[in-house]
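> My structure is in run-v8.tsv, and what it holds is TSV, C-alpha atoms:
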chain	number	residue	atom	x	y	z
A	1	MET	CA	129.64	82.37	100.93
A	2	SER	CA	127.70	79.64	102.70
A	3	GLN	CA	125.64	77.16	100.70
A	4	LEU	CA	122.47	78.61	102.21
A	5	ALA	CA	123.37	82.17	101.22
A	6	ALA	CA	124.21	81.02	97.70
A	7	LYS	CA	120.87	79.23	97.46
A	8	VAL	CA	118.90	82.25	98.67
A	9	SER	CA	120.80	84.56	96.35
A	10	LYS	CA	120.03	82.42	93.31
A	11	ARG	CA	116.33	81.96	94.01
A	12	LEU	CA	115.47	85.62	94.65
A	13	PHE	CA	114.01	85.97	91.19
A	14	SER	CA	111.43	88.41	92.55
A	15	LEU	CA	114.11	91.06	93.09
A	16	ASP	CA	115.28	90.68	89.49
A	17	VAL	CA	111.71	91.10	88.24
A	18	PHE	CA	111.03	94.12	90.50
A	19	ARG	CA	114.25	95.79	89.38
A	20	GLY	CA	113.62	94.91	85.74
A	21	LEU	CA	110.05	96.25	85.76
A	22	THR	CA	111.27	99.50	87.33
A	23	MET	CA	113.97	99.86	84.68
A	24	PHE	CA	111.46	98.94	81.97
A	25	LEU	CA	109.33	101.90	83.02
A	26	LEU	CA	112.37	104.20	83.08
A	27	ILE	CA	113.48	103.29	79.57
A	28	ALA	CA	109.87	103.58	78.38
A	29	GLU	CA	110.04	107.23	79.34
A	30	ALA	CA	113.32	107.59	77.43
A	31	ALA	CA	111.63	105.96	74.44
A	32	GLY	CA	109.06	108.77	74.57
A	33	PHE	CA	106.07	106.66	75.57
A	34	HIS	CA	104.94	108.75	78.56
A	35	HIS	CA	104.89	112.03	76.65
A	36	ASN	CA	103.36	110.57	73.49
A	37	PHE	CA	100.72	108.62	75.36
A	38	SER	CA	99.73	111.78	77.25
A	39	GLU	CA	99.38	113.66	73.96
A	40	LEU	CA	97.19	110.88	72.56
A	41	ALA	CA	95.07	110.51	75.72
A	42	GLU	CA	94.37	114.23	76.17
A	43	GLY	CA	90.63	114.68	76.62
A	44	MET	CA	90.02	110.93	76.49
A	45	ILE	CA	89.06	108.37	79.11
A	46	PHE	CA	92.74	107.41	79.53
A	47	SER	CA	93.88	110.93	80.46
A	48	GLY	CA	93.85	110.05	84.17
A	49	ILE	CA	96.24	107.17	83.55
A	50	ALA	CA	98.45	109.43	81.44
A	51	HIS	CA	98.74	111.92	84.32
A	52	GLN	CA	100.08	109.13	86.54
A	53	LEU	CA	103.04	108.77	84.16
A	54	HIS	CA	104.32	112.25	85.04
A	55	HIS	CA	105.64	113.72	88.28
A	56	HIS	CA	103.21	115.67	90.41
A	57	PRO	CA	103.86	119.40	89.95
A	58	TRP	CA	104.23	119.91	93.71
A	59	ASN	CA	102.13	118.72	96.66
A	60	GLY	CA	100.76	115.26	95.97
A	61	LEU	CA	101.78	111.78	94.88
A	62	ARG	CA	101.49	110.10	91.50
A	63	PHE	CA	102.63	106.67	90.33
A	64	TRP	CA	105.64	108.10	88.48
A	65	ASP	CA	106.87	109.70	91.71
A	66	LEU	CA	107.48	106.17	93.04
A	67	ILE	CA	109.92	105.02	90.36
A	68	GLN	CA	113.06	106.71	91.71
A	69	PRO	CA	112.31	105.55	95.30
A	70	PHE	CA	111.78	102.02	93.94
A	71	PHE	CA	115.13	102.18	92.14
A	72	MET	CA	117.04	103.44	95.19
A	73	PHE	CA	115.29	100.93	97.47
A	74	ILE	CA	116.05	98.01	95.12
A	75	VAL	CA	119.73	98.96	95.05
A	76	GLY	CA	119.68	98.73	98.84
A	77	VAL	CA	117.99	95.31	98.79
A	78	ALA	CA	120.66	94.00	96.41
A	79	MET	CA	123.59	95.30	98.47
A	80	PRO	CA	123.68	92.52	101.10
A	81	PHE	CA	123.57	89.89	98.33
A	82	SER	CA	126.37	91.57	96.42
A	83	LEU	CA	128.47	92.09	99.54
A	84	ARG	CA	128.07	88.45	100.60
A	85	LYS	CA	129.40	87.30	97.24
A	86	ARG	CA	132.33	89.69	97.33
A	87	LEU	CA	133.31	88.73	100.85
A	88	ALA	CA	133.28	85.07	99.80
A	89	THR	CA	136.01	85.76	97.23
A	90	GLY	CA	137.79	88.70	98.83
A	91	ASN	CA	137.88	90.85	101.95
A	92	ARG	CA	136.16	93.89	103.39
A	93	SER	CA	138.82	96.24	102.07
A	94	ALA	CA	138.29	95.05	98.50
A	95	ALA	CA	134.51	95.36	98.88
A	96	THR	CA	134.89	98.91	100.19
A	97	LYS	CA	137.12	99.87	97.27
A	98	HIS	CA	134.50	98.48	94.90
A	99	ILE	CA	131.76	100.55	96.56
A	100	LEU	CA	133.86	103.72	96.41
A	101	ARG	CA	134.67	103.12	92.75
A	102	ARG	CA	131.03	102.43	91.97
A	103	CYS	CA	129.82	105.58	93.70
A	104	PHE	CA	132.42	107.69	91.91
A	105	LEU	CA	131.31	106.31	88.53
A	106	LEU	CA	127.62	106.83	89.34
A	107	PHE	CA	128.37	110.42	90.33
A	108	ALA	CA	130.39	111.01	87.14
A	109	PHE	CA	127.75	109.43	84.90
A	110	GLY	CA	125.04	111.52	86.55
A	111	VAL	CA	126.96	114.75	85.92
A	112	LEU	CA	127.76	113.74	82.33
A	113	LEU	CA	124.09	113.02	81.62
A	114	HIS	CA	123.19	116.62	82.44
A	115	CYS	CA	125.87	117.73	79.98
A	116	VAL	CA	124.17	115.57	77.35
A	117	TYR	CA	120.75	117.00	78.22
A	118	SER	CA	122.08	120.57	77.98
A	119	HIS	CA	124.36	119.96	74.96
A	120	ALA	CA	127.03	121.82	76.90
A	121	VAL	CA	129.46	121.35	79.78
A	122	VAL	CA	127.44	122.05	82.91
A	123	TRP	CA	127.75	121.38	86.64
A	124	GLU	CA	124.35	120.03	87.67
A	125	LEU	CA	123.76	117.43	90.37
A	126	TRP	CA	120.07	116.57	90.12
A	127	ASN	CA	120.28	113.24	88.30
A	128	VAL	CA	119.18	110.04	90.05
A	129	LEU	CA	122.65	108.52	89.58
A	130	VAL	CA	124.26	111.37	91.53
A	131	GLN	CA	121.69	110.91	94.28
A	132	LEU	CA	122.30	107.17	94.28
A	133	ALA	CA	126.05	107.62	94.64
A	134	PHE	CA	125.51	109.35	98.00
A	135	THR	CA	122.74	107.08	99.29
A	136	ILE	CA	124.84	103.96	98.59
A	137	LEU	CA	127.76	105.42	100.54
A	138	ILE	CA	125.55	106.22	103.51
A	139	ALA	CA	123.82	102.83	103.48
A	140	TYR	CA	127.11	100.94	103.09
A	141	ALA	CA	128.73	102.84	105.95
A	142	ILE	CA	126.10	101.62	108.43
A	143	MET	CA	124.94	98.29	107.00
A	144	ASN	CA	126.90	96.24	109.56
A	145	LEU	CA	125.05	97.89	112.43
A	146	PRO	CA	122.04	96.19	114.06
A	147	HIS	CA	118.76	96.93	112.31
A	148	LYS	CA	117.52	99.16	115.12
A	149	PHE	CA	120.51	101.46	114.68
A	150	GLN	CA	120.13	101.55	110.89
A	151	ILE	CA	116.46	102.47	111.34
A	152	ALA	CA	117.39	105.13	113.91
A	153	ILE	CA	119.89	106.69	111.51
A	154	SER	CA	117.34	106.72	108.68
A	155	ILE	CA	114.85	108.46	110.96
A	156	GLY	CA	117.59	110.88	111.95
A	157	LEU	CA	118.15	111.78	108.29
A	158	LEU	CA	114.44	112.55	107.91
A	159	ALA	CA	114.47	114.62	111.09
A	160	LEU	CA	117.57	116.48	109.87
A	161	THR	CA	115.79	117.32	106.63
A	162	GLU	CA	112.79	118.67	108.54
A	163	LEU	CA	115.06	120.73	110.78
A	164	LEU	CA	117.07	122.25	107.93
A	165	TYR	CA	114.02	123.32	105.92
A	166	ARG	CA	112.14	124.66	108.94
A	167	MET	CA	115.09	126.60	110.35
A	168	TYR	CA	115.89	128.20	106.99
A	169	ASN	CA	112.34	129.41	106.36
A	170	PRO	CA	110.16	129.03	109.47
A	171	ASP	CA	107.12	130.68	107.84
A	172	ALA	CA	107.09	128.63	104.62
A	173	PRO	CA	109.67	125.80	104.85
A	174	TYR	CA	108.37	123.97	101.78
A	175	ALA	CA	107.84	126.90	99.44
A	176	GLN	CA	108.83	126.57	95.81
A	177	GLY	CA	112.02	128.03	94.42
A	178	HIS	CA	114.65	130.16	96.11
A	179	GLU	CA	112.68	130.40	99.36
A	180	SER	CA	113.52	126.79	100.34
A	181	PHE	CA	116.65	125.43	101.96
A	182	GLY	CA	117.19	122.99	99.09
A	183	SER	CA	117.37	125.80	96.53
A	184	TYR	CA	119.69	127.73	98.84
A	185	VAL	CA	122.13	124.79	98.85
A	186	ASP	CA	121.86	124.49	95.06
A	187	MET	CA	122.91	128.12	94.70
A	188	LEU	CA	125.91	127.48	96.95
A	189	VAL	CA	127.00	124.26	95.23
A	190	MET	CA	126.01	124.86	91.60
A	191	GLY	CA	125.18	128.54	91.35
A	192	LEU	CA	121.73	127.87	89.88
A	193	GLU	CA	118.30	126.48	90.62
A	194	ASN	CA	116.38	123.80	88.80
A	195	ASP	CA	113.41	124.95	86.70
A	196	GLY	CA	111.40	122.00	87.99
A	197	TYR	CA	112.35	122.74	91.63
A	198	TRP	CA	114.44	119.56	92.07
A	199	VAL	CA	117.19	119.95	94.66
A	200	PHE	CA	120.60	118.36	95.15
A	201	ILE	CA	120.21	117.58	98.86
A	202	ASN	CA	117.38	115.14	98.17
A	203	PHE	CA	119.95	112.42	98.81
A	204	ILE	CA	119.82	113.15	102.56
A	205	PRO	CA	116.21	112.03	103.16
A	206	THR	CA	116.12	109.49	100.31
A	207	ALA	CA	119.14	107.70	101.75
A	208	ALA	CA	116.42	106.19	103.97
A	209	HIS	CA	115.10	104.33	100.91
A	210	THR	CA	118.46	102.65	100.34
A	211	ILE	CA	118.93	101.95	104.06
A	212	TRP	CA	115.49	100.34	104.31
A	213	GLY	CA	116.34	98.32	101.22
A	214	VAL	CA	119.53	97.05	102.88
A	215	ILE	CA	117.55	95.97	105.95
A	216	CYS	CA	115.03	94.13	103.77
A	217	GLY	CA	117.85	92.46	101.86
A	218	GLN	CA	119.49	91.32	105.10
A	219	ILE	CA	116.19	89.86	106.29
A	220	LEU	CA	115.74	88.05	102.98
A	221	LEU	CA	119.23	86.55	103.37
A	222	SER	CA	118.48	85.31	106.87
A	223	ASN	CA	117.57	81.71	107.76
A	224	THR	CA	114.09	82.59	108.98
A	225	PRO	CA	111.03	81.08	107.23
A	226	ALA	CA	109.44	83.08	104.43
A	227	LYS	CA	106.33	83.94	106.45
A	228	ASP	CA	108.51	85.42	109.20
A	229	LYS	CA	110.21	87.60	106.60
A	230	ILE	CA	106.96	88.81	105.07
A	231	LYS	CA	105.33	89.75	108.37
A	232	PRO	CA	107.72	92.62	109.32
A	233	PHE	CA	107.65	93.85	105.72
A	234	LEU	CA	103.87	94.10	105.80
A	235	ILE	CA	103.81	95.75	109.22
A	236	TRP	CA	106.52	98.34	108.68
A	237	GLY	CA	105.61	99.01	105.07
A	238	THR	CA	102.03	99.78	106.10
A	239	VAL	CA	103.08	101.83	109.13
A	240	ILE	CA	105.43	104.18	107.31
A	241	LEU	CA	103.01	104.46	104.37
A	242	ILE	CA	100.21	105.58	106.70
A	243	LEU	CA	102.56	107.86	108.62
A	244	GLY	CA	103.69	109.58	105.43
A	245	PHE	CA	100.13	110.30	104.30
A	246	ALA	CA	99.11	111.31	107.84
A	247	LEU	CA	101.82	113.99	107.94
A	248	ASP	CA	100.41	115.39	104.71
A	249	LEU	CA	96.73	115.14	105.60
A	250	LEU	CA	97.30	116.76	109.01
A	251	ASN	CA	99.13	119.66	107.32
A	252	ILE	CA	102.36	118.91	109.21
A	253	THR	CA	104.63	118.15	106.25
A	254	PRO	CA	103.33	118.05	102.67
A	255	ILE	CA	104.15	115.17	100.34
A	256	ILE	CA	106.48	116.76	97.79
A	257	LYS	CA	108.63	114.52	95.62
A	258	ARG	CA	110.66	117.35	94.07
A	259	ILE	CA	112.29	118.23	97.40
A	260	ALA	CA	111.87	114.78	98.98
A	261	THR	CA	110.05	115.84	102.13
A	262	SER	CA	109.96	113.40	105.02
A	263	SER	CA	106.30	112.61	104.32
A	264	PHE	CA	107.14	111.79	100.71
A	265	THR	CA	110.08	109.61	101.74
A	266	LEU	CA	107.92	107.71	104.22
A	267	SER	CA	104.94	107.17	101.92
A	268	SER	CA	107.03	106.19	98.89
A	269	GLY	CA	109.24	103.99	101.09
A	270	GLY	CA	106.14	102.23	102.38
A	271	PHE	CA	105.01	101.56	98.82
A	272	ALA	CA	108.48	100.22	97.97
A	273	ILE	CA	108.52	97.76	100.90
A	274	LEU	CA	104.99	96.56	100.19
A	275	THR	CA	105.73	96.14	96.48
A	276	LEU	CA	108.81	94.06	97.26
A	277	THR	CA	106.68	91.98	99.63
A	278	LEU	CA	104.10	91.37	96.91
A	279	PHE	CA	106.73	90.33	94.36
A	280	TYR	CA	108.54	88.12	96.87
A	281	TRP	CA	105.33	86.37	97.92
A	282	LEU	CA	103.94	85.90	94.41
A	283	ILE	CA	107.19	84.82	92.74
A	284	ASP	CA	109.56	83.26	95.28
A	285	VAL	CA	107.26	82.02	98.03
A	286	LYS	CA	104.56	80.77	95.66
A	287	ASN	CA	107.24	79.64	93.19
A	288	ASN	CA	105.55	81.36	90.26
A	289	LYS	CA	108.69	81.75	88.18
A	290	ASN	CA	106.98	81.91	84.82
A	291	LYS	CA	109.19	82.35	81.78
A	292	TRP	CA	107.32	85.47	80.69
A	293	LEU	CA	108.61	87.27	83.80
A	294	LYS	CA	112.08	87.12	82.24
A	295	ILE	CA	110.83	89.82	79.88
A	296	PHE	CA	111.31	92.19	82.82
A	297	SER	CA	114.15	90.48	84.68
A	298	VAL	CA	116.58	90.74	81.75
A	299	VAL	CA	116.22	94.53	81.78
A	300	GLY	CA	117.56	94.56	85.33
A	301	THR	CA	120.71	92.59	84.51
A	302	ASN	CA	122.32	95.63	82.85
A	303	SER	CA	120.27	98.31	84.58
A	304	ILE	CA	122.82	101.14	84.71
A	305	PHE	CA	124.00	100.47	81.15
A	306	ILE	CA	120.53	100.45	79.61
A	307	TYR	CA	119.56	103.57	81.58
A	308	LEU	CA	122.61	105.46	80.29
A	309	PHE	CA	122.15	104.08	76.78
A	310	SER	CA	118.47	105.01	76.59
A	311	GLU	CA	119.04	108.49	78.01
A	312	THR	CA	121.83	109.30	75.53
A	313	VAL	CA	121.95	107.36	72.26
A	314	GLY	CA	118.37	106.21	72.67
A	315	VAL	CA	116.82	109.65	73.07
A	316	GLN	CA	119.03	111.38	70.51
A	317	TRP	CA	119.08	108.77	67.76
A	318	PHE	CA	116.68	105.84	68.14
A	319	ARG	CA	113.53	107.94	68.41
A	320	ASP	CA	114.15	109.50	64.99
A	321	PHE	CA	115.36	106.19	63.59
A	322	GLY	CA	112.14	104.49	64.66
A	323	LYS	CA	110.01	107.26	63.17
A	324	ILE	CA	111.44	106.54	59.72
A	325	TRP	CA	109.64	103.21	59.79
A	326	THR	CA	106.57	103.92	61.88
A	327	ALA	CA	105.67	107.12	60.04
A	328	GLY	CA	106.53	105.54	56.72
A	329	LEU	CA	104.33	102.52	57.32
A	330	PHE	CA	101.37	104.01	59.20
A	331	SER	CA	100.95	107.52	57.78
A	332	PRO	CA	99.58	106.17	54.47
A	333	LEU	CA	97.00	104.24	56.49
A	334	GLY	CA	95.56	107.49	57.84
A	335	LEU	CA	96.62	107.03	61.47
A	336	SER	CA	96.87	110.22	63.51
A	337	GLU	CA	100.25	111.73	64.29
A	338	ASN	CA	99.74	111.18	68.03
A	339	LEU	CA	98.95	107.48	67.55
A	340	ILE	CA	101.95	107.02	65.26
A	341	MET	CA	104.20	108.58	67.91
A	342	VAL	CA	102.87	106.16	70.54
A	343	ILE	CA	103.57	103.25	68.20
A	344	ASN	CA	107.03	104.70	67.55
A	345	SER	CA	107.81	104.90	71.27
A	346	LEU	CA	106.75	101.27	71.71
A	347	PHE	CA	108.99	100.29	68.80
A	348	VAL	CA	111.94	102.15	70.34
A	349	LEU	CA	111.18	100.56	73.71
A	350	PHE	CA	111.33	97.13	72.05
A	351	ILE	CA	114.76	98.01	70.63
A	352	PHE	CA	115.98	98.97	74.11
A	353	TRP	CA	114.58	95.74	75.53
A	354	TYR	CA	116.07	93.60	72.79
A	355	ILE	CA	119.52	95.08	73.41
A	356	THR	CA	119.34	94.03	77.06
A	357	TYR	CA	117.96	90.61	76.09
A	358	PHE	CA	120.80	90.10	73.59
A	359	LEU	CA	123.43	91.08	76.16
A	360	ASP	CA	121.89	88.84	78.80
A	361	LYS	CA	121.67	85.89	76.39
A	362	HIS	CA	125.37	86.20	75.60
A	363	LYS	CA	126.32	86.81	79.26
A	364	VAL	CA	127.62	90.31	78.60
A	365	TYR	CA	127.21	92.48	81.68
A	366	PHE	CA	128.36	96.05	82.23
A	367	LYS	CA	128.89	96.39	85.95
A	368	VAL	CA	129.48	99.73	87.61
Represent the supplied structure as structure tokens.


Amino acid sequence: MSQLAAKVSKRLFSLDVFRGLTMFLLIAEAAGFHHNFSELAEGMIFSGIAHQLHHHPWNGLRFWDLIQPFFMFIVGVAMPFSLRKRLATGNRSAATKHILRRCFLLFAFGVLLHCVYSHAVVWELWNVLVQLAFTILIAYAIMNLPHKFQIAISIGLLALTELLYRMYNPDAPYAQGHESFGSYVDMLVMGLENDGYWVFINFIPTAAHTIWGVICGQILLSNTPAKDKIKPFLIWGTVILILGFALDLLNITPIIKRIATSSFTLSSGGFAILTLTLFYWLIDVKNNKNKWLKIFSVVGTNSIFIYLFSETVGVQWFRDFGKIWTAGLFSPLGLSENLIMVINSLFVLFIFWYITYFLDKHKVYFKV
């Protein structure tokens, strides 16, 4: 790795913070905060905020719908940095073997998580880790191509998604349930449909998120001045954001996160690029590397580990463990059950965070 690349890689603190904040929100859900806060806020002034912490039931976009796109986009941004380091100490063949191993493990972990959720051995492929395994493979396969070809391929994936859904059901391509192409594929691959209408083939359009992340990462690694990096991010982030919402508003393709329509992929991808731009400008360009930001960055250092931990041991043990203390301390004070559960979820979230902080402090990293 060149000295310049090493320098850029080390100073991109904004990416660590962006990734850490995204993971922080994910483990907050595992801690039970989103559900408990919604129960507490029902009928109150904060109910609108609470709704933003849950996926939209179908056609529309909420804040929580952006978290998975952020995660997949961030992985793409990090790929050029990771590849540069690996090529400095090895060769392309070794890097490719690492990617294949990583994708296999992500796929396996995603399948195993559904077994944990169901408390049985099941074959379900809807988890974000399964999706990520495929999007990483696609993005890695084309990341050495010029940016215009990577962009063309990402657009092709969106067009392919449109074509498949519209050919399967010309009258109602984006209908819920078994009437959509995504559910048809699920029946072929898994023999069942998801109750929430999520579909396995979401990885086809959302591979664009990881591809766009790779392009952004390559631009950030380039020798161009910071302002020349920010300009294309602002332009293209705004363009695809507007295009995504335009497709929905003009009744061409509705924004539906659960089946990752092209309009959803575009709008959420636009938000991801613009959010990265904001973090990069505020933190790296303006050199605002405040110590308190490490609260979020440490969560990103062991992102896959803490996600798996929170979704398994965290959900099944720590929630009840925390309630021993929160209920025991606050029930005698007359606090409502809903408020105690919110406090409990914050306590569990702190435990998750402290585990990542402890591992980071002692330089213990679980890499997939």

> I need the residue nearest Pro80 in chain A from this list: A:Phe309, A:Trp212, A:Trp198, A:Trp353. Use all atoms listed in the file for the distance.

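Checking each candidate against Pro80 in chain A, we get A:Trp212 as the closest.
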
> Please identify all polymer residues within 9 Å of Asp284 in chain A, counting all atoms listed in the file, omitting same-chain residues fewer than 4 positions from it, and present them as a PyMOL selection string.

chain A and resi 11-14+279-280+288-289

> State, in Å with one decimal place, the distance from CA of Glu162 in chain A to CA of Val75 in chain A.

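Separation between CA of Glu162 in chain A and CA of Val75 in chain A: 24.9 Å.
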
> Rank A:Val214, A:Phe37, A:Thr22, A:Leu112 by their smallest atom-to-atom distance to Ile49 in chain A, using only C-alpha atoms, and report the top residue only.

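Using only C-alpha atoms, the shortest distance to Ile49 in chain A belongs to A:Phe37.
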
> May I ask for the distance between CA of Trp236 in chain A and CA of Ser267 in chain A, given in Å to one decimal place?

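Computed distance, CA of Trp236 in chain A to CA of Ser267 in chain A, equals 11.2 Å.
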
> Using only C-alpha atoms, which of A:Lys323, A:His35, A:Arg19, A:Lys257 sits nearest Gly60 in chain A?

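Once distances to Gly60 in chain A are computed over only C-alpha atoms, the minimum belongs to A:Lys257.
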
> When you count only C-alpha atoms, which of these residues is closest to Leu25 in chain A: A:Ala50, A:Leu83, A:Val299, A:Val315?

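Ranking A:Ala50, A:Leu83, A:Val299, A:Val315 by distance to Leu25 in chain A, first place goes to A:Val299.
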
> What does the structure give for the distance between CA of Ser38 in chain A and CA of Gln68 in chain A, in Å to one decimal?

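Between CA of Ser38 in chain A and CA of Gln68 in chain A the gap is 20.3 Å.
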
> Using only C-alpha atoms, determine which residues lie at most 8 Å from Leu129 in chain A, disregarding the query and same-chain residues fewer than 2 positions distant; provide the list as a PyMOL selection string.

chain A and resi 106-107+109-110+127+131-133

> Pick from A:Ile255, A:Leu105, A:Ala327, A:Leu266: nearest to Leu241 in chain A, with only C-alpha atoms counted?

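The answer is A:Leu266, which sits nearest to Leu241 in chain A.
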
> Pull the neighbourhood of (102.4, 102.7, 103.7) for me: all residues within 12 Å in file coordinates, counting only C-alpha atoms, as a VMD selection string.

chain A and resid 233 to 246 263 to 275

> For a cut-off of 12 Å around (104.5, 127.3, 101.6), file coordinates, pick out all residues using all atoms listed in the file and list them as a ChimeraX atom specification.

/A:58-59,165-166,169-180,251-254,256

> So for range 102-113 of chain A, what box centre and size do we get, axis-aligned, 8 Å extra on each of the six sides, every listed atom, Å to one decimal, as AutoDock Vina command-line options?


--center_x 128.3 --center_y 108.6 --center_z 87.7 --size_x 24.3 --size_y 28.3 --size_z 28.1

> Compile the contact shell of range 295-298 of chain A as a compact mmCIF listing (two decimals) with C-alpha atoms, keeping the file's coordinate frame: residues with an atom at most 6 Å away, counting only C-alpha atoms, same-chain residues fewer than 5 positions apart removed.


# COMPACT_ATOMS: atom_id res chain seq x y z
CA ASP A 16 115.28 90.68 89.49
CA VAL A 17 111.71 91.10 88.24
CA GLY A 20 113.62 94.91 85.74
CA LEU A 21 110.05 96.25 85.76
CA TYR A 357 117.96 90.61 76.09

> Nearest to Thr356 in chain A among A:Ile306, A:Val199, A:Leu66, A:Leu192, with distances taken over only C-alpha atoms: which residue is it?

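That would be A:Ile306, the residue with the smallest distance to Thr356 in chain A.
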
> Do you know which residues are at most 9 Å from Gln52 in chain A counting all atoms listed in the file, after dropping those on the same chain fewer than 3 positions away, and could you put them as a compact mmCIF listing (two decimals) with C-alpha atoms, in the frame of the given file?


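Dumped everything to around_26.txt:
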# COMPACT_ATOMS: atom_id res chain seq x y z
CA SER A 47 93.88 110.93 80.46
CA GLY A 48 93.85 110.05 84.17
CA ILE A 49 96.24 107.17 83.55
CA HIS A 55 105.64 113.72 88.28
CA HIS A 56 103.21 115.67 90.41
CA LEU A 61 101.78 111.78 94.88
CA ARG A 62 101.49 110.10 91.50
CA PHE A 63 102.63 106.67 90.33
CA TRP A 64 105.64 108.10 88.48
CA ASP A 65 106.87 109.70 91.71

> Name all residues at most 12 Å from Val313 in chain A (count only C-alpha atoms; drop same-chain ones fewer than 4 positions away) and give them as an NGL selection string.

:A and (27 or 30-31 or 113 or 116-117 or 305-309 or 317-321 or 348 or 351-352)
